[in-house]
Each structure stands twice: as C-alpha cells, then as structure tokens.
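In what follows, a structure is listed as structure tokens, so that the remarks can point back to it.
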Number of protein chains: 2
Amino acid sequence: MRVLGIDCGADRTGYGIIDSDGRAHRLIEAGVISSRGEEPWERRLLTLARGLRQVIATHHPETAAVEEVFVAANAQAALRLAQVRGAALLTLAEAGLPVGEYSPLEVKTSVTGYGRAEKRQVQRMVGSLLGLDRVPESEDASDALAVAICHATRLPVEVRP
Amino acid sequence: MRVLGIDCGADRTGYGIIDSDGRAHRLIEAGVISSRGEEPWERRLLTLARGLRQVIATHHPETAAVEEVFVAANAQAALRLAQVRGAALLTLAEAGLPVGEYSPLEVKTSVTGYGRAEKRQVQRMVGSLLGLDRVPESEDASDALAVAICHATRLPVEVRP
C-alpha cells in the first residue's frame, strides 16, 4: 500500500510517501512544499495544492493521512493552520484519495510508543522505521512520514497488499 | 464591477453575486451550496469547491470577498469553519480572483452603519440596498450578499466601471 502523509503548515507543508504492508515501511520520497512569505494568503494555499497535486501525480499514493488541528496557545495560528488543512483535504478529495485523520498523540504513539515524545525522538524513530542511514533532514518531512507510518499501521489488514 | 461574496459554513455556504459601481448595487444571483451531513468531511470541501466553481463559471465575477474567521465560544466549530474557508480561498485563487477579507464588524457596519447589527437587520438592509421587493429568504445567501456589498463599497474608485 502506498501512503501519503502530510504535515500542514502555514509556511511549509511536509509530505512523505512510503510503501508499507502495515509492519515494514519503505521510503519512496519526502519533502517540503514551501510557500513562505507568499502574498496574498490564498496564493499560499494555491502553491500547496499545486505541489500536492504534483506529488500525487508522480507517486500515485492509494491513501493519505493528515493530522488533526487543535486550538493551542495561539488561536490565530491554529485558524491559519486549519485553512491550510482545508486546502490540503480538498486537494486530496479531488484526487479521489481516502483520508485518515490522526491526533498528534496518535502519531507520536504510533511511531515512538510514547504520546509525549519529543520532535527529535520522532525524527530518529522515523529514520529507524524506514531503515534510513540518517534521520530526514527536514522536520516537516519527517513529521509527514510519521503521519504516513501511523496511517499505514492502522489500515485494515485486508486492504494491505 | 461584478463581485462575489461568500459566507462560509461547515454545512451550508452562502454565495451572492452583485454588480456594483461602489454606490449602487444590483443583485445577479444568490444562493446556498449545501453539503450538510456529507461524509467524510473532505467530501464537503469538494462539494463546496465544485459549487463555487460553477457559480464562477456561470457569472464571471471579477473580484471576491470572504469574512475573516475568529475563535469564538466554540473553538472546534471555528477550526472547521477555517478549513471550509481554506477550501474556498483555494478555489478563488485557482480561478484567478482577487480576494478581499473583512471582519463581521466591517461587513455589518458597511451594510447597516452599525457593527453590532442583528442578523435580521442585516438581511433587511441587504434587501433594501439591492432594491429587492423582499429580503433574501436564506440567511446564508443574505450574509454572502452583505460581504459582497461591503467589498464593493471598499474597492478603489479607479477600478470601478
């Protein structure tokens, strides 16, 4: 099963593509779609959508996953993130991809076994689970891969290849 | 100048198209794109995007406007609304439309002269400003027309027809 994980951000959105049978995972590609500083705001959503479409057209994922958004300390930042998420979900729906949604807690637990794991720990485990020589350089790409791994391990067994 | 106003909602998104020279406004069309109860969530964003695209293809607006989103009493509702807004902004950007953004206070003040006007008051003034025999039946469509009127009155004079 080819899985696309997405880590939404107002300036940078990470993506990660893996092949997985639910237990073993293999990295296909990971990267970041940057729209930092683009104005007006909706232009960033367009850059993100176009970037995602290109990733989907290149790698043909069969399913996708994104993190849920919460209102934390900064409500305005959460609202911007939610808009990016809406644009990403629209792009995935348009591509006909089923979408899984997970809380940050679920993603961290799935990858590290610990819901309050630190960023660096998640990055290291992502590298280890994918059998990489070194951790992914970009934290956004690494987080997206964590979302993809979380999704892959929770897909029903019967849909695994 | 043909203006598209949008009132985003998780279940129902109102839209209103007017022709305006900044002072006099004429109703072209108003309505509601409903995605109430559609599952999964991203399916609603897709229904909204397709509906908006159809409105744009039919009426060829030159500019568009949406309300800003705030975190009010219900943070989860605000986050859902922000996702709808992100999907709407992406659709507008894709259509090449410039987008104005206004606070609810700005919209109400622009239409009724009073920032804390009640819903019913806004509806009546929208009907009056558009020279309608009666107020628009749908509150969502009426709110979208209010956003369009607000945008039309604030466009730079030099771009008015």
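Chain lettering (A, B, ...) mirrors the order of the structure tokens, residue numbering begins at 1 for each chain separately, and ligand numbering begins at 1 in order of display.
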
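For A:Arg36, the non-local neighbours within 9 Å, defined as residues at least 6 positions apart in the same chain or in other chains and counting only C-alpha atoms, are A:Ala10, A:Asp11, A:Arg12, A:Arg44.
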
Q: Report as a ChimeraX atom specification the set of chain B residues whose atoms approach chain A to within 9 Å, with distances computed over only C-alpha atoms.
A: /B:40-46,49,69-71,75-76,78-94,98-99

Please save C-alpha atoms of the selected residues as a PDB file, in the first residue's frame.
ATOM      1  CA  PRO B  40     -16.257  12.063   5.053  1.00  0.00           C
ATOM      2  CA  TRP B  41     -15.518  15.638   5.964  1.00  0.00           C
ATOM      3  CA  GLU B  42     -13.269  16.352   2.966  1.00  0.00           C
ATOM      4  CA  ARG B  43     -16.191  15.401   0.711  1.00  0.00           C
ATOM      5  CA  ARG B  44     -17.978  18.558   1.922  1.00  0.00           C
ATOM      6  CA  LEU B  45     -14.999  20.671   0.919  1.00  0.00           C
ATOM      7  CA  LEU B  46     -15.133  19.100  -2.523  1.00  0.00           C
ATOM      8  CA  ALA B  49     -15.378  23.812  -4.312  1.00  0.00           C
ATOM      9  CA  VAL B  69     -12.753  33.667  10.976  1.00  0.00           C
ATOM     10  CA  PHE B  70     -12.391  34.144  14.712  1.00  0.00           C
ATOM     11  CA  VAL B  71     -12.215  31.709  17.562  1.00  0.00           C
ATOM     12  CA  ALA B  75     -13.122  26.507  19.114  1.00  0.00           C
ATOM     13  CA  GLN B  76     -13.822  23.248  17.279  1.00  0.00           C
ATOM     14  CA  ALA B  78     -14.120  27.774  14.364  1.00  0.00           C
ATOM     15  CA  LEU B  79     -11.500  25.260  13.221  1.00  0.00           C
ATOM     16  CA  ARG B  80     -13.992  23.541  10.936  1.00  0.00           C
ATOM     17  CA  LEU B  81     -15.092  26.875   9.556  1.00  0.00           C
ATOM     18  CA  ALA B  82     -11.447  27.798   8.938  1.00  0.00           C
ATOM     19  CA  GLN B  83     -10.992  24.604   6.902  1.00  0.00           C
ATOM     20  CA  VAL B  84     -14.011  25.483   4.774  1.00  0.00           C
ATOM     21  CA  ARG B  85     -12.555  28.939   4.345  1.00  0.00           C
ATOM     22  CA  GLY B  86      -9.232  27.449   3.236  1.00  0.00           C
ATOM     23  CA  ALA B  87     -11.010  25.339   0.625  1.00  0.00           C
ATOM     24  CA  ALA B  88     -12.982  28.383  -0.576  1.00  0.00           C
ATOM     25  CA  LEU B  89      -9.870  30.595  -0.777  1.00  0.00           C
ATOM     26  CA  LEU B  90      -8.022  27.914  -2.729  1.00  0.00           C
ATOM     27  CA  THR B  91     -10.925  27.715  -5.185  1.00  0.00           C
ATOM     28  CA  LEU B  92     -10.964  31.504  -5.613  1.00  0.00           C
ATOM     29  CA  ALA B  93      -7.187  31.654  -6.064  1.00  0.00           C
ATOM     30  CA  GLU B  94      -7.382  28.871  -8.631  1.00  0.00           C
ATOM     31  CA  PRO B  98      -8.505  38.731  -6.158  1.00  0.00           C
ATOM     32  CA  VAL B  99      -9.956  38.231  -2.676  1.00  0.00           C
TER      33      VAL B  99
END

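Excluding B:Tyr15 itself and same-chain residues fewer than 3 positions from it, the residues having an atom within 7 Å of it are Leu4, Gly5, Ile6, Asp7, Ala30, Gly31, Val32, Ala141, Ala144 and Leu145 of chain B, counting only C-alpha atoms.
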
Residues from last step as file, all heavy atoms, as an mmCIF file, in the first residue's frame:
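After the write, again34.cif holds the following:
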data_model
loop_
_atom_site.group_PDB
_atom_site.id
_atom_site.type_symbol
_atom_site.label_atom_id
_atom_site.label_comp_id
_atom_site.auth_asym_id
_atom_site.auth_seq_id
_atom_site.Cartn_x
_atom_site.Cartn_y
_atom_site.Cartn_z
ATOM 1 N N LEU B 4 -18.321 38.723 -6.122
ATOM 2 C CA LEU B 4 -18.802 37.501 -5.480
ATOM 3 C C LEU B 4 -18.521 37.579 -3.993
ATOM 4 O O LEU B 4 -17.375 37.744 -3.583
ATOM 5 C CB LEU B 4 -18.079 36.280 -6.080
ATOM 6 C CG LEU B 4 -18.171 34.946 -5.340
ATOM 7 C CD1 LEU B 4 -19.609 34.468 -5.218
ATOM 8 C CD2 LEU B 4 -17.302 33.891 -6.023
ATOM 9 N N GLY B 5 -19.575 37.498 -3.180
ATOM 10 C CA GLY B 5 -19.412 37.430 -1.724
ATOM 11 C C GLY B 5 -19.701 36.029 -1.242
ATOM 12 O O GLY B 5 -20.591 35.357 -1.773
ATOM 13 N N ILE B 6 -18.940 35.568 -0.254
ATOM 14 C CA ILE B 6 -19.095 34.203 0.241
ATOM 15 C C ILE B 6 -19.239 34.209 1.757
ATOM 16 O O ILE B 6 -18.496 34.895 2.465
ATOM 17 C CB ILE B 6 -17.876 33.340 -0.160
ATOM 18 C CG1 ILE B 6 -17.782 33.269 -1.696
ATOM 19 C CG2 ILE B 6 -17.988 31.935 0.411
ATOM 20 C CD1 ILE B 6 -16.560 32.560 -2.192
ATOM 21 N N ASP B 7 -20.208 33.455 2.248
ATOM 22 C CA ASP B 7 -20.396 33.271 3.689
ATOM 23 C C ASP B 7 -20.171 31.791 4.003
ATOM 24 O O ASP B 7 -21.057 30.965 3.801
ATOM 25 C CB ASP B 7 -21.816 33.704 4.087
ATOM 26 C CG ASP B 7 -22.053 33.528 5.581
ATOM 27 O OD1 ASP B 7 -21.249 34.051 6.368
ATOM 28 O OD2 ASP B 7 -23.024 32.849 5.958
ATOM 29 N N ALA B 30 -28.026 34.865 -5.935
ATOM 30 C CA ALA B 30 -27.579 34.472 -4.598
ATOM 31 C C ALA B 30 -28.138 33.096 -4.302
ATOM 32 O O ALA B 30 -29.188 32.720 -4.827
ATOM 33 C CB ALA B 30 -28.048 35.479 -3.554
ATOM 34 N N GLY B 31 -27.426 32.354 -3.488
ATOM 35 C CA GLY B 31 -27.902 31.016 -3.162
ATOM 36 C C GLY B 31 -27.019 30.367 -2.117
ATOM 37 O O GLY B 31 -26.192 31.027 -1.472
ATOM 38 N N VAL B 32 -27.214 29.084 -1.973
ATOM 39 C CA VAL B 32 -26.507 28.331 -0.937
ATOM 40 C C VAL B 32 -25.958 27.044 -1.547
ATOM 41 O O VAL B 32 -26.642 26.386 -2.327
ATOM 42 C CB VAL B 32 -27.467 27.991 0.229
ATOM 43 C CG1 VAL B 32 -26.825 27.004 1.186
ATOM 44 C CG2 VAL B 32 -27.881 29.258 0.962
ATOM 45 N N ALA B 141 -27.357 33.195 2.197
ATOM 46 C CA ALA B 141 -27.234 33.953 0.951
ATOM 47 C C ALA B 141 -27.213 35.448 1.240
ATOM 48 O O ALA B 141 -26.446 36.207 0.639
ATOM 49 C CB ALA B 141 -28.391 33.605 0.013
ATOM 50 N N ALA B 144 -23.890 36.456 2.526
ATOM 51 C CA ALA B 144 -22.917 36.484 1.423
ATOM 52 C C ALA B 144 -23.074 37.778 0.615
ATOM 53 O O ALA B 144 -22.085 38.385 0.193
ATOM 54 C CB ALA B 144 -23.104 35.265 0.523
ATOM 55 N N LEU B 145 -24.320 38.196 0.410
ATOM 56 C CA LEU B 145 -24.573 39.453 -0.312
ATOM 57 C C LEU B 145 -24.046 40.644 0.497
ATOM 58 O O LEU B 145 -23.504 41.599 -0.079
ATOM 59 C CB LEU B 145 -26.070 39.614 -0.579
ATOM 60 C CG LEU B 145 -26.630 38.691 -1.681
ATOM 61 C CD1 LEU B 145 -28.156 38.703 -1.670
ATOM 62 C CD2 LEU B 145 -26.100 39.111 -3.051
#

Q. Between A:Cys150, A:Ile28, A:Gly37, A:Ser138, which is the closest to A:Gly113 once you count only C-alpha atoms?
A. A:Cys150

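Excluding B:His60 itself and same-chain residues fewer than 5 positions from it, the residues having an atom within 10 Å of it are Arg2, Val3, Leu4, Ile17, Arg53, Gln54, Val55, Ala95 and Leu97 of chain B, counting only C-alpha atoms.
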
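Going from atom CA of A:Arg120 over to atom CA of A:Ser35, you cover 24.2 Å.
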
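Atom CA of A:Arg124 is positioned 13.8 Å from atom CA of A:Thr109.
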
Q | Atomic distance atom CA of B:Gln121 - atom CA of B:Asp19, expressed in Å with one decimal | A | 22.0 Å

Q) Got a sec to tell me which of chain A DSSP assigns to strand (DSSP E or B), as an NGL selection string? A) :A and (2-7 or 12-20 or 25-34 or 63-67 or 99-102)

Q: Name the residues of stretch 81-142 of chain B that come out as helix (DSSP H, G or I) in a backbone DSSP run; write them as a PyMOL selection string.
A: chain B and resi 81-94+104-112+119-129+139-142

Output file for the residues above (C-alpha atoms, as a compact mmCIF listing (two decimals), in the first residue's frame):
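File written: out-v2.txt
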# COMPACT_ATOMS: atom_id res chain seq x y z
CA LEU B 81 -15.09 26.88 9.56
CA ALA B 82 -11.45 27.80 8.94
CA GLN B 83 -10.99 24.60 6.90
CA VAL B 84 -14.01 25.48 4.77
CA ARG B 85 -12.56 28.94 4.35
CA GLY B 86 -9.23 27.45 3.24
CA ALA B 87 -11.01 25.34 0.63
CA ALA B 88 -12.98 28.38 -0.58
CA LEU B 89 -9.87 30.59 -0.78
CA LEU B 90 -8.02 27.91 -2.73
CA THR B 91 -10.92 27.72 -5.18
CA LEU B 92 -10.96 31.50 -5.61
CA ALA B 93 -7.19 31.65 -6.06
CA GLU B 94 -7.38 28.87 -8.63
CA PRO B 104 -18.00 40.56 10.60
CA LEU B 105 -17.87 44.03 12.21
CA GLU B 106 -16.74 45.63 8.94
CA VAL B 107 -19.44 43.82 6.97
CA LYS B 108 -22.23 44.83 9.35
CA THR B 109 -21.02 48.41 9.57
CA SER B 110 -20.77 48.65 5.82
CA VAL B 111 -24.33 47.42 5.29
CA THR B 112 -26.23 48.81 8.29
CA LYS B 119 -28.96 39.25 11.64
CA ARG B 120 -32.47 40.37 10.71
CA GLN B 121 -31.36 43.98 10.38
CA VAL B 122 -28.53 42.96 8.02
CA GLN B 123 -30.99 40.95 5.94
CA ARG B 124 -33.40 43.88 5.65
CA MET B 125 -30.65 46.32 4.66
CA VAL B 126 -29.26 43.90 2.07
CA GLY B 127 -32.73 43.68 0.53
CA SER B 128 -33.10 47.46 0.62
CA LEU B 129 -29.62 48.19 -0.84
CA GLU B 139 -29.77 33.96 5.82
CA ASP B 140 -26.60 32.41 4.36
CA ALA B 141 -27.23 33.95 0.95
CA SER B 142 -28.11 37.27 2.55

Q) Leaving out A:Ala152 and any residue of its chain fewer than 6 positions from it, which residues lie within 9 Å of it when counting only C-alpha atoms, given as a ChimeraX atom specification? A) /A:1-3,18-23,25,160

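Each of B:Pro136, B:Thr153, B:Asn74, B:Thr63 was compared to B:Glu29 using only C-alpha atoms, and B:Pro136 turns out to be the nearest.
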